[in-house]
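Q: Input file: final-v2.pdb. Contents: PDB, C-alpha atoms.
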```
ATOM      1  CA  MET A  21       0.000   0.000   0.000
ATOM      2  CA  LYS A  22       1.329   3.450  -0.944
ATOM      3  CA  SER A  23       1.301   6.145   1.726
ATOM      4  CA  ILE A  24      -0.609   9.425   1.457
ATOM      5  CA  CYS A  25       0.522  12.820   2.731
ATOM      6  CA  VAL A  26      -2.255  15.367   3.167
ATOM      7  CA  LEU A  27      -1.421  19.018   3.763
ATOM      8  CA  GLY A  28      -4.327  21.163   4.892
ATOM      9  CA  ILE A  29      -6.235  22.712   7.732
ATOM     10  CA  PHE A  30      -8.236  21.442  10.656
ATOM     11  CA  VAL A  31     -11.174  23.485  11.937
ATOM     12  CA  VAL A  32     -14.139  22.678  14.107
ATOM     13  CA  ASP A  33     -17.332  22.828  12.034
ATOM     14  CA  LEU A  34     -20.193  24.659  13.739
ATOM     15  CA  CYS A  35     -23.237  23.581  11.712
ATOM     16  CA  PHE A  36     -26.591  25.386  11.799
ATOM     17  CA  MET A  37     -29.482  23.562  10.136
ATOM     18  CA  GLY A  38     -32.792  25.019   9.014
ATOM     19  CA  ASN A  39     -35.343  25.105   6.210
ATOM     20  CA  ARG A  40     -33.295  27.671   4.328
ATOM     21  CA  ILE A  41     -29.934  29.439   4.378
ATOM     22  CA  PRO A  42     -30.258  33.042   5.616
ATOM     23  CA  SER A  43     -29.668  35.784   3.058
ATOM     24  CA  LYS A  44     -27.870  39.080   3.695
ATOM     25  CA  GLY A  45     -29.291  40.855   6.751
ATOM     26  CA  GLN A  46     -31.788  38.063   7.461
ATOM     27  CA  THR A  47     -32.347  36.216  10.738
ATOM     28  CA  ILE A  48     -34.095  32.858  10.656
ATOM     29  CA  LEU A  49     -35.065  30.284  13.277
ATOM     30  CA  GLY A  50     -33.044  27.129  12.738
ATOM     31  CA  GLU A  51     -33.890  23.587  13.714
ATOM     32  CA  LYS A  52     -30.650  21.998  14.853
ATOM     33  CA  HIS A  53     -27.016  22.732  15.734
ATOM     34  CA  ILE A  54     -24.126  20.266  15.685
ATOM     35  CA  TYR A  55     -20.367  20.613  15.831
ATOM     36  CA  GLY A  56     -17.519  18.348  14.867
ATOM     37  CA  PRO A  57     -14.182  18.056  13.059
ATOM     38  CA  GLY A  58     -13.785  19.794   9.704
ATOM     39  CA  GLY A  59     -11.447  21.673   7.373
ATOM     40  CA  LYS A  60     -10.813  20.415   3.856
ATOM     41  CA  GLY A  61      -7.406  18.916   4.578
ATOM     42  CA  SER A  62      -8.612  17.172   7.693
ATOM     43  CA  ASN A  63     -11.781  15.897   6.010
ATOM     44  CA  GLN A  64      -9.758  14.506   3.114
ATOM     45  CA  ALA A  65      -7.282  12.822   5.446
ATOM     46  CA  VAL A  66     -10.194  11.295   7.371
ATOM     47  CA  ALA A  67     -11.874  10.121   4.150
ATOM     48  CA  ALA A  68      -8.728   8.356   2.942
ATOM     49  CA  SER A  69      -8.065   6.816   6.353
ATOM     50  CA  LYS A  70     -11.620   5.512   6.871
ATOM     51  CA  LEU A  71     -11.335   3.721   3.540
ATOM     52  CA  GLY A  72      -8.203   1.967   4.780
ATOM     53  CA  GLY A  73      -5.455   4.283   3.544
ATOM     54  CA  LYS A  74      -2.094   4.878   5.214
ATOM     55  CA  VAL A  75      -2.401   8.600   5.947
ATOM     56  CA  ASN A  76       0.027  11.226   7.232
ATOM     57  CA  PHE A  77      -1.497  14.623   8.002
ATOM     58  CA  LEU A  78       0.551  17.820   8.011
ATOM     59  CA  THR A  79      -1.207  20.778   9.658
ATOM     60  CA  LYS A  80      -1.046  23.251  12.528
ATOM     61  CA  ILE A  81      -3.492  23.550  15.410
ATOM     62  CA  GLY A  82      -3.711  25.506  18.653
ATOM     63  CA  LYS A  83      -3.425  24.242  22.196
ATOM     64  CA  ASP A  84      -7.093  24.335  23.157
ATOM     65  CA  LYS A  85     -10.227  22.209  23.487
ATOM     66  CA  TYR A  86     -10.835  22.294  19.734
ATOM     67  CA  ALA A  87      -7.354  20.860  19.141
ATOM     68  CA  ASP A  88      -8.279  17.921  21.383
ATOM     69  CA  ILE A  89     -11.152  17.084  19.027
ATOM     70  CA  ALA A  90      -8.653  16.769  16.173
ATOM     71  CA  LEU A  91      -6.076  14.720  18.052
ATOM     72  CA  ASN A  92      -8.646  12.313  19.478
ATOM     73  CA  LEU A  93     -10.139  11.744  16.026
ATOM     74  CA  TYR A  94      -6.776  11.097  14.366
ATOM     75  CA  LYS A  95      -5.763   8.702  17.128
ATOM     76  CA  LYS A  96      -8.990   6.761  16.663
ATOM     77  CA  LEU A  97      -8.463   6.549  12.889
ATOM     78  CA  ASN A  98      -4.744   5.747  13.130
ATOM     79  CA  ILE A  99      -3.758   8.863  11.164
ATOM     80  CA  ASN A 100      -0.102   9.727  11.740
ATOM     81  CA  ARG A 101      -0.054  12.629  14.255
ATOM     82  CA  LYS A 102       3.729  13.153  14.332
ATOM     83  CA  TYR A 103       3.557  16.048  11.860
ATOM     84  CA  ILE A 104       0.656  17.918  13.438
ATOM     85  CA  LEU A 105       2.250  21.153  14.642
ATOM     86  CA  LYS A 106       0.955  22.948  17.739
ATOM     87  CA  SER A 107       0.867  26.709  18.279
ATOM     88  CA  LYS A 108       0.701  28.389  21.671
ATOM     89  CA  ASP A 109       0.049  31.774  20.029
ATOM     90  CA  HIS A 110      -2.903  31.013  17.723
ATOM     91  CA  PRO A 111      -6.194  29.173  18.285
ATOM     92  CA  THR A 112      -7.454  26.151  16.394
ATOM     93  CA  GLY A 113      -9.648  27.206  13.473
ATOM     94  CA  VAL A 114     -13.428  27.143  13.231
ATOM     95  CA  ALA A 115     -15.976  27.170  10.391
ATOM     96  CA  GLY A 116     -19.560  28.393  10.494
ATOM     97  CA  ILE A 117     -21.785  26.322   8.202
ATOM     98  CA  PHE A 118     -25.421  27.015   7.300
ATOM     99  CA  ILE A 119     -27.227  23.968   5.925
ATOM    100  CA  ASN A 120     -30.570  23.829   4.117
ATOM    101  CA  ASN A 121     -32.389  20.781   5.517
ATOM    102  CA  LYS A 122     -34.547  20.449   2.414
ATOM    103  CA  THR A 123     -31.782  20.316  -0.189
ATOM    104  CA  GLY A 124     -28.586  19.593   1.752
ATOM    105  CA  GLU A 125     -26.986  22.709   0.227
ATOM    106  CA  ASN A 126     -24.706  24.833   2.395
ATOM    107  CA  SER A 127     -22.733  28.067   2.740
ATOM    108  CA  ILE A 128     -19.505  28.239   4.752
ATOM    109  CA  ASN A 129     -17.321  30.833   6.469
ATOM    110  CA  VAL A 130     -13.884  29.492   7.494
ATOM    111  CA  ILE A 131     -11.578  31.025  10.135
ATOM    112  CA  SER A 132      -8.347  29.080   9.604
ATOM    113  CA  GLY A 133      -6.685  29.993  12.927
ATOM    114  CA  ALA A 134      -3.323  28.335  13.654
ATOM    115  CA  SER A 135      -3.294  26.410  10.378
ATOM    116  CA  ASN A 136      -3.018  29.696   8.496
ATOM    117  CA  LYS A 137       0.197  30.457  10.377
ATOM    118  CA  ILE A 138       2.239  27.468   9.223
ATOM    119  CA  THR A 139       5.600  28.576   7.801
ATOM    120  CA  ILE A 140       8.009  27.485   5.087
ATOM    121  CA  ASN A 141      10.613  26.846   7.770
ATOM    122  CA  GLU A 142       8.233  24.492   9.600
ATOM    123  CA  ILE A 143       7.586  22.639   6.350
ATOM    124  CA  LYS A 144      11.346  22.301   5.742
ATOM    125  CA  LYS A 145      11.825  20.848   9.237
ATOM    126  CA  ASN A 146       9.130  18.262   8.504
ATOM    127  CA  ILE A 147       9.899  17.635   4.833
ATOM    128  CA  ASP A 148      10.494  13.917   5.449
ATOM    129  CA  ILE A 149       6.745  13.330   5.648
ATOM    130  CA  ILE A 150       6.425  14.448   2.039
ATOM    131  CA  LYS A 151       9.638  12.800   0.884
ATOM    132  CA  ASN A 152       8.632   9.428   2.326
ATOM    133  CA  SER A 153       5.088   9.401   0.945
ATOM    134  CA  ASN A 154       3.779   8.364  -2.487
ATOM    135  CA  ILE A 155       0.651  10.485  -2.915
ATOM    136  CA  PHE A 156       0.459  14.193  -2.040
ATOM    137  CA  LEU A 157      -2.943  15.811  -1.589
ATOM    138  CA  THR A 158      -3.567  19.464  -0.766
ATOM    139  CA  GLN A 159      -6.024  22.347  -1.199
ATOM    140  CA  LEU A 160      -5.893  26.156  -1.049
ATOM    141  CA  GLU A 161      -6.941  26.757   2.559
ATOM    142  CA  THR A 162      -3.330  27.008   3.758
ATOM    143  CA  PRO A 163      -1.280  30.092   2.712
ATOM    144  CA  TYR A 164      -0.524  29.915  -1.015
ATOM    145  CA  LYS A 165       3.246  30.116  -0.524
ATOM    146  CA  ILE A 166       2.962  26.885   1.487
ATOM    147  CA  THR A 167       0.869  25.196  -1.205
ATOM    148  CA  SER A 168       3.315  26.239  -3.921
ATOM    149  CA  PHE A 169       6.398  25.168  -1.957
ATOM    150  CA  THR A 170       4.990  21.751  -1.060
ATOM    151  CA  LEU A 171       3.773  21.051  -4.608
ATOM    152  CA  GLN A 172       7.265  21.793  -5.917
ATOM    153  CA  LYS A 173       8.833  19.516  -3.294
ATOM    154  CA  ALA A 174       6.308  16.724  -3.896
ATOM    155  CA  LYS A 175       7.151  16.633  -7.596
ATOM    156  CA  LEU A 176      10.882  16.827  -6.833
ATOM    157  CA  PHE A 177      10.410  13.678  -4.731
ATOM    158  CA  LYS A 178       8.335  12.112  -7.558
ATOM    159  CA  LEU A 179       5.006  11.897  -5.714
ATOM    160  CA  THR A 180       1.639  11.788  -7.463
ATOM    161  CA  THR A 181       0.061  15.165  -6.703
ATOM    162  CA  ILE A 182      -3.587  16.097  -6.251
ATOM    163  CA  LEU A 183      -4.687  19.724  -5.905
ATOM    164  CA  ASN A 184      -8.242  20.466  -4.877
ATOM    165  CA  PRO A 185      -8.343  24.226  -5.701
ATOM    166  CA  ALA A 186     -10.664  25.362  -2.941
ATOM    167  CA  PRO A 187     -11.230  28.096  -2.095
ATOM    168  CA  ALA A 188     -10.478  29.388  -5.591
ATOM    169  CA  MET A 189      -7.546  31.799  -5.785
ATOM    170  CA  LYS A 190      -4.750  32.551  -8.239
ATOM    171  CA  ILE A 191      -2.465  29.625  -9.059
ATOM    172  CA  LEU A 192       0.951  30.298 -10.578
ATOM    173  CA  ASN A 193       1.604  28.826 -14.024
ATOM    174  CA  LYS A 194       4.650  26.955 -12.692
ATOM    175  CA  ASP A 195       2.406  25.230 -10.148
ATOM    176  CA  PHE A 196      -0.176  24.072 -12.707
ATOM    177  CA  LYS A 197       2.662  22.070 -14.264
ATOM    178  CA  LYS A 198       3.204  20.251 -10.944
ATOM    179  CA  ILE A 199      -0.366  18.976 -10.684
ATOM    180  CA  ASP A 200      -1.135  15.384 -11.643
ATOM    181  CA  PHE A 201      -4.825  15.558 -10.670
ATOM    182  CA  PHE A 202      -6.701  18.884 -10.615
ATOM    183  CA  THR A 203     -10.153  18.644  -9.007
ATOM    184  CA  PRO A 204     -12.158  21.891  -9.162
ATOM    185  CA  ASN A 205     -15.896  21.998  -8.830
ATOM    186  CA  GLU A 206     -17.946  23.824 -11.465
ATOM    187  CA  THR A 207     -17.646  27.224  -9.740
ATOM    188  CA  GLU A 208     -13.895  26.893  -9.200
ATOM    189  CA  ALA A 209     -13.380  25.738 -12.785
ATOM    190  CA  SER A 210     -15.220  28.846 -14.004
ATOM    191  CA  TYR A 211     -12.957  31.035 -11.879
ATOM    192  CA  TYR A 212      -9.750  29.645 -13.395
ATOM    193  CA  TYR A 213     -11.131  29.336 -16.913
ATOM    194  CA  GLY A 214     -12.202  32.992 -16.766
ATOM    195  CA  LYS A 215     -15.649  32.306 -18.196
ATOM    196  CA  LYS A 216     -18.902  31.130 -16.690
ATOM    197  CA  ILE A 217     -19.539  27.448 -17.376
ATOM    198  CA  LEU A 218     -23.090  27.092 -18.689
ATOM    199  CA  ASN A 219     -23.202  23.718 -20.455
ATOM    200  CA  ASN A 220     -21.308  20.521 -21.243
ATOM    201  CA  ASN A 221     -19.407  22.132 -24.077
ATOM    202  CA  ASP A 222     -18.111  24.805 -21.689
ATOM    203  CA  ILE A 223     -17.033  22.082 -19.267
ATOM    204  CA  LYS A 224     -15.026  20.350 -21.985
ATOM    205  CA  LYS A 225     -13.392  23.614 -23.041
ATOM    206  CA  ALA A 226     -12.452  24.432 -19.453
ATOM    207  CA  ALA A 227     -10.903  21.000 -18.955
ATOM    208  CA  LYS A 228      -8.834  21.411 -22.138
ATOM    209  CA  PHE A 229      -7.709  24.806 -20.840
ATOM    210  CA  PHE A 230      -6.287  23.135 -17.717
ATOM    211  CA  ILE A 231      -4.539  20.451 -19.756
ATOM    212  CA  LYS A 232      -2.860  23.203 -21.790
ATOM    213  CA  LYS A 233      -1.776  24.763 -18.498
ATOM    214  CA  GLY A 234       0.207  21.606 -17.775
ATOM    215  CA  VAL A 235      -2.189  19.606 -15.602
ATOM    216  CA  LYS A 236      -2.003  15.843 -16.305
ATOM    217  CA  ASN A 237      -5.556  14.849 -15.308
ATOM    218  CA  VAL A 238      -8.602  17.086 -14.824
ATOM    219  CA  VAL A 239     -11.710  16.184 -12.842
ATOM    220  CA  ILE A 240     -14.416  18.855 -12.795
ATOM    221  CA  THR A 241     -16.970  17.838 -10.186
ATOM    222  CA  LEU A 242     -20.549  18.864 -10.956
ATOM    223  CA  GLY A 243     -22.453  18.141  -7.746
ATOM    224  CA  SER A 244     -25.692  16.265  -8.382
ATOM    225  CA  LYS A 245     -24.824  16.119 -12.111
ATOM    226  CA  GLY A 246     -21.705  13.999 -11.531
ATOM    227  CA  LEU A 247     -18.339  14.928 -13.042
ATOM    228  CA  TYR A 248     -16.247  15.312 -16.176
ATOM    229  CA  PHE A 249     -12.790  13.763 -16.599
ATOM    230  CA  LEU A 250     -10.100  14.578 -19.141
ATOM    231  CA  ASN A 251      -6.489  13.657 -19.806
ATOM    232  CA  LYS A 252      -4.553  13.208 -23.045
ATOM    233  CA  GLU A 253      -5.786   9.622 -23.484
ATOM    234  CA  GLN A 254      -9.426   9.638 -22.406
ATOM    235  CA  ASN A 255     -12.396  11.798 -21.468
ATOM    236  CA  PHE A 256     -15.863  11.072 -20.139
ATOM    237  CA  PHE A 257     -18.844  12.423 -18.244
ATOM    238  CA  LEU A 258     -19.888  10.357 -15.240
ATOM    239  CA  LYS A 259     -23.303  10.782 -13.641
ATOM    240  CA  ALA A 260     -23.587  11.063  -9.871
ATOM    241  CA  TYR A 261     -23.865   7.670  -8.206
ATOM    242  CA  LYS A 262     -27.523   6.750  -7.804
ATOM    243  CA  LEU A 263     -28.369   6.661  -4.113
ATOM    244  CA  LYS A 264     -30.987   4.570  -2.372
ATOM    245  CA  LYS A 265     -30.953   6.935   0.606
ATOM    246  CA  LYS A 266     -31.992  10.595   0.715
ATOM    247  CA  VAL A 267     -29.385  13.369   0.433
ATOM    248  CA  ILE A 268     -29.162  14.974   3.889
ATOM    249  CA  ASP A 269     -26.045  17.150   3.862
ATOM    250  CA  THR A 270     -23.629  17.885   1.003
ATOM    251  CA  THR A 271     -21.005  19.348   3.369
ATOM    252  CA  GLY A 272     -17.727  17.522   2.746
ATOM    253  CA  ALA A 273     -18.801  15.706  -0.431
ATOM    254  CA  GLY A 274     -15.931  17.260  -2.369
ATOM    255  CA  ASP A 275     -13.549  16.287   0.420
ATOM    256  CA  ALA A 276     -14.885  12.734   0.338
ATOM    257  CA  PHE A 277     -14.138  12.653  -3.396
ATOM    258  CA  ASN A 278     -10.577  13.912  -3.015
ATOM    259  CA  GLY A 279      -9.748  11.681  -0.065
ATOM    260  CA  ALA A 280     -11.160   8.697  -1.924
ATOM    261  CA  LEU A 281      -9.143   9.595  -5.020
ATOM    262  CA  ALA A 282      -5.927   9.675  -2.978
ATOM    263  CA  PHE A 283      -6.860   6.339  -1.427
ATOM    264  CA  ALA A 284      -7.706   4.727  -4.772
ATOM    265  CA  LEU A 285      -4.427   5.849  -6.330
ATOM    266  CA  SER A 286      -2.552   4.530  -3.286
ATOM    267  CA  GLN A 287      -4.131   1.144  -4.016
ATOM    268  CA  ASN A 288      -2.886   1.236  -7.619
ATOM    269  CA  TYR A 289      -6.392   1.429  -9.061
ATOM    270  CA  THR A 290      -6.491   2.469 -12.706
ATOM    271  CA  ILE A 291      -7.352   6.117 -13.241
ATOM    272  CA  LYS A 292     -10.840   5.276 -14.488
ATOM    273  CA  LYS A 293     -11.552   2.936 -11.574
ATOM    274  CA  SER A 294     -10.240   5.584  -9.168
ATOM    275  CA  ILE A 295     -12.630   8.193 -10.581
ATOM    276  CA  TYR A 296     -15.630   5.839 -10.465
ATOM    277  CA  PHE A 297     -14.803   4.798  -6.901
ATOM    278  CA  SER A 298     -14.376   8.389  -5.710
ATOM    279  CA  ASN A 299     -17.652   9.419  -7.341
ATOM    280  CA  LYS A 300     -19.431   6.710  -5.364
ATOM    281  CA  VAL A 301     -17.747   7.643  -2.064
ATOM    282  CA  ALA A 302     -18.688  11.316  -2.519
ATOM    283  CA  ALA A 303     -22.336  10.457  -3.179
ATOM    284  CA  ILE A 304     -22.611   8.166  -0.167
ATOM    285  CA  SER A 305     -21.140  10.864   2.091
ATOM    286  CA  THR A 306     -24.183  13.077   1.422
ATOM    287  CA  THR A 307     -26.500  10.612   3.186
ATOM    288  CA  LYS A 308     -25.126  11.550   6.640
ATOM    289  CA  GLU A 309     -24.856  14.780   8.614
ATOM    290  CA  GLY A 310     -21.533  16.541   9.083
ATOM    291  CA  ALA A 311     -18.241  16.333   7.256
ATOM    292  CA  ALA A 312     -15.736  13.956   8.872
ATOM    293  CA  ASN A 313     -18.605  11.946  10.334
ATOM    294  CA  SER A 314     -20.131  11.430   6.890
ATOM    295  CA  MET A 315     -17.074   9.845   5.281
ATOM    296  CA  PRO A 316     -17.848   6.213   4.354
ATOM    297  CA  THR A 317     -15.781   3.425   5.878
ATOM    298  CA  LYS A 318     -14.111   0.570   4.015
ATOM    299  CA  LYS A 319     -16.795  -1.775   5.389
ATOM    300  CA  GLU A 320     -19.635   0.448   4.201
ATOM    301  CA  MET A 321     -18.153   0.591   0.716
ATOM    302  CA  SER A 322     -17.679  -3.172   0.508
ATOM    303  CA  ASN A 323     -21.294  -3.703   1.595
ATOM    304  CA  ILE A 324     -22.496  -1.375  -1.162
ATOM    305  CA  GLU A 325     -20.286  -2.926  -3.819
TER
END
```
Spell out the structure here as structure tokens.
A:
Amino acid sequence: MKSICVLGIFVVDLCFMGNRIPSKGQTILGEKHIYGPGGKGSNQAVAASKLGGKVNFLTKIGKDKYADIALNLYKKLNINRKYILKSKDHPTGVAGIFINNKTGENSINVISGASNKITINEIKKNIDIIKNSNIFLTQLETPYKITSFTLQKAKLFKLTTILNPAPAMKILNKDFKKIDFFTPNETEASYYYGKKILNNNDIKKAAKFFIKKGVKNVVITLGSKGLYFLNKEQNFFLKAYKLKKKVIDTTGAGDAFNGALAFALSQNYTIKKSIYFSNKVAAISTTKEGAANSMPTKKEMSNIE
């Protein structure tokens, strides 16, 4: 089994559920409040680990009660905690999430906290975790200079790299060339493409744009519509996996996809099988509340298959 290094943030998700998401200046009466572990990097590490992956997580947290939530979870899931840095000066991050009970849709405000204070020097001191892994997965919630530096190092050490470009922000041309798998959603793809994606033809054009940028494999996730995949050898649309259960909460579905993709590649699945598997994992994650809690386990996946 190949090992996975995930760089990203941990935050505690504070989830507020109601019949609608409040608009600007509006106060509504919600129905339920839950909290639990979140942050894209953490969610993706959890997703890969729950599927049976060998996961190393590189992040920075505070020394507070929220940090304990992270450490207890990683211990339970056997995620390597050696490279989780602790700050006495900055708190562990939090995210406020509004969830529409009727549709599962959400809106999110992330306060990254200590994880936004990780430095290049700290990465250099812990570079072995990247060097000794096979798959490198990251997002854009950590400072961009950290993302750029680690992508460069991961390719220098010949790792397979996955960049989930969320939240969308400028990516340097030199960094596009270091990405083996680029996994934007429809909104993020529009941001980088520079044009609004309105139909399937636009999706194809956007994917080709990323290939020309130097990306090896492009996966544009389309929510309930599935996804589109493109590399120099193959391309296909894949519909969302048909669920027997109702969609409850889409929070973390993208993270489930990316964590599952890292896991599948670590198992030497073919690219096509990896994409199909990840699509299924993402769909199943929407049938539970929360982010980390919703990630399917290896047993759940084998029962479904």
Q: Select from segment 198-264 of chain A every residue with an atom at most 12 Å from any atom of segment 149-165 of chain A, then for each give the shortest pair of atoms and their distance in Å to one decimal, using all atoms listed in the file, rows by chain and rising number, as a Markdown table.
A:
```
| residue | atom | partner | partner_atom | distance |
| --- | --- | --- | --- | --- |
| A:Lys198 | CA | A:Phe156 | CA | 11.1 |
| A:Ile199 | CA | A:Phe156 | CA | 9.9 |
| A:Asp200 | CA | A:Phe156 | CA | 9.8 |
| A:Phe201 | CA | A:Leu157 | CA | 9.3 |
| A:Phe202 | CA | A:Gln159 | CA | 10.1 |
| A:Thr203 | CA | A:Gln159 | CA | 9.6 |
| A:Pro204 | CA | A:Gln159 | CA | 10.1 |
| A:Glu208 | CA | A:Leu160 | CA | 11.4 |
```
Q: Please write as a list in words the full residue list that the PyMOL selection byres ((chain A and resi 227-243) around 8) yields on this file.
A: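 Written out, the selection comes to Asn193, Phe196, Lys197, Lys198, Ile199, Asp200, Phe201, Phe202, Thr203, Pro204, Asn205, Glu206, Ala209, Tyr213, Ile223, Lys224, Lys225, Ala226, Ser244, Lys245, Gly246, Leu247, Tyr248, Phe249, Leu250, Asn251, Lys252, Ala260 and Gly274 of chain A.
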Q: Please produce an output containing C-alpha atoms for each residue in the selection, written as a PDB file, in the frame of the given file.
A:
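Now in part-v3.pdb:
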```pdb
ATOM      1  CA  ASN A 193       1.604  28.826 -14.024  1.00  0.00           C
ATOM      2  CA  PHE A 196      -0.176  24.072 -12.707  1.00  0.00           C
ATOM      3  CA  LYS A 197       2.662  22.070 -14.264  1.00  0.00           C
ATOM      4  CA  LYS A 198       3.204  20.251 -10.944  1.00  0.00           C
ATOM      5  CA  ILE A 199      -0.366  18.976 -10.684  1.00  0.00           C
ATOM      6  CA  ASP A 200      -1.135  15.384 -11.643  1.00  0.00           C
ATOM      7  CA  PHE A 201      -4.825  15.558 -10.670  1.00  0.00           C
ATOM      8  CA  PHE A 202      -6.701  18.884 -10.615  1.00  0.00           C
ATOM      9  CA  THR A 203     -10.153  18.644  -9.007  1.00  0.00           C
ATOM     10  CA  PRO A 204     -12.158  21.891  -9.162  1.00  0.00           C
ATOM     11  CA  ASN A 205     -15.896  21.998  -8.830  1.00  0.00           C
ATOM     12  CA  GLU A 206     -17.946  23.824 -11.465  1.00  0.00           C
ATOM     13  CA  ALA A 209     -13.380  25.738 -12.785  1.00  0.00           C
ATOM     14  CA  TYR A 213     -11.131  29.336 -16.913  1.00  0.00           C
ATOM     15  CA  ILE A 223     -17.033  22.082 -19.267  1.00  0.00           C
ATOM     16  CA  LYS A 224     -15.026  20.350 -21.985  1.00  0.00           C
ATOM     17  CA  LYS A 225     -13.392  23.614 -23.041  1.00  0.00           C
ATOM     18  CA  ALA A 226     -12.452  24.432 -19.453  1.00  0.00           C
ATOM     19  CA  SER A 244     -25.692  16.265  -8.382  1.00  0.00           C
ATOM     20  CA  LYS A 245     -24.824  16.119 -12.111  1.00  0.00           C
ATOM     21  CA  GLY A 246     -21.705  13.999 -11.531  1.00  0.00           C
ATOM     22  CA  LEU A 247     -18.339  14.928 -13.042  1.00  0.00           C
ATOM     23  CA  TYR A 248     -16.247  15.312 -16.176  1.00  0.00           C
ATOM     24  CA  PHE A 249     -12.790  13.763 -16.599  1.00  0.00           C
ATOM     25  CA  LEU A 250     -10.100  14.578 -19.141  1.00  0.00           C
ATOM     26  CA  ASN A 251      -6.489  13.657 -19.806  1.00  0.00           C
ATOM     27  CA  LYS A 252      -4.553  13.208 -23.045  1.00  0.00           C
ATOM     28  CA  ALA A 260     -23.587  11.063  -9.871  1.00  0.00           C
ATOM     29  CA  GLY A 274     -15.931  17.260  -2.369  1.00  0.00           C
TER      30      GLY A 274
END
```
Q: If the PyMOL selection byres ((chain A and resi 119-126) around 6) is run on the structure shown, which residues does it catch, given as a list in words?
A: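 In the shown coordinates, the PyMOL selection byres ((chain A and resi 119-126) around 6) covers Met37, Gly38, Asn39, Arg40, Ile41, Phe118, Ser127, Ile268, Asp269 and Thr270 of chain A.
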Q: Hey, what comes out of the PyMOL selection byres ((chain A and resi 100) around 10) on this file? Could you write it as number ranges by chain?
A: A: 25, 74-78, 94-95, 97-99, 101-104, 149
Q: Quote the spacing between atom CA of Ala68 of chain A and atom CA of Phe283 of chain A in Å to one decimal place.
A: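 These atoms are spaced 5.2 Å apart.
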Q: Record the distance separating atom CA of Asp33 of chain A and atom CA of Lys259 of chain A, expressed in Å with one decimal.
A: 29.0 Å
Q: Record the distance separating atom CA of Val301 of chain A and atom CA of Met315 of chain A, expressed in Å with one decimal.
A: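 That distance, rounded to one decimal, is 7.7 Å.
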Q: Nearest residue to Ala276 of chain A out of A:Cys35, A:Ala115, A:Ala303, A:Ile217, using all atoms listed in the file?
A: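 Among the listed residues, A:Ala303 lies closest to Ala276 of chain A.
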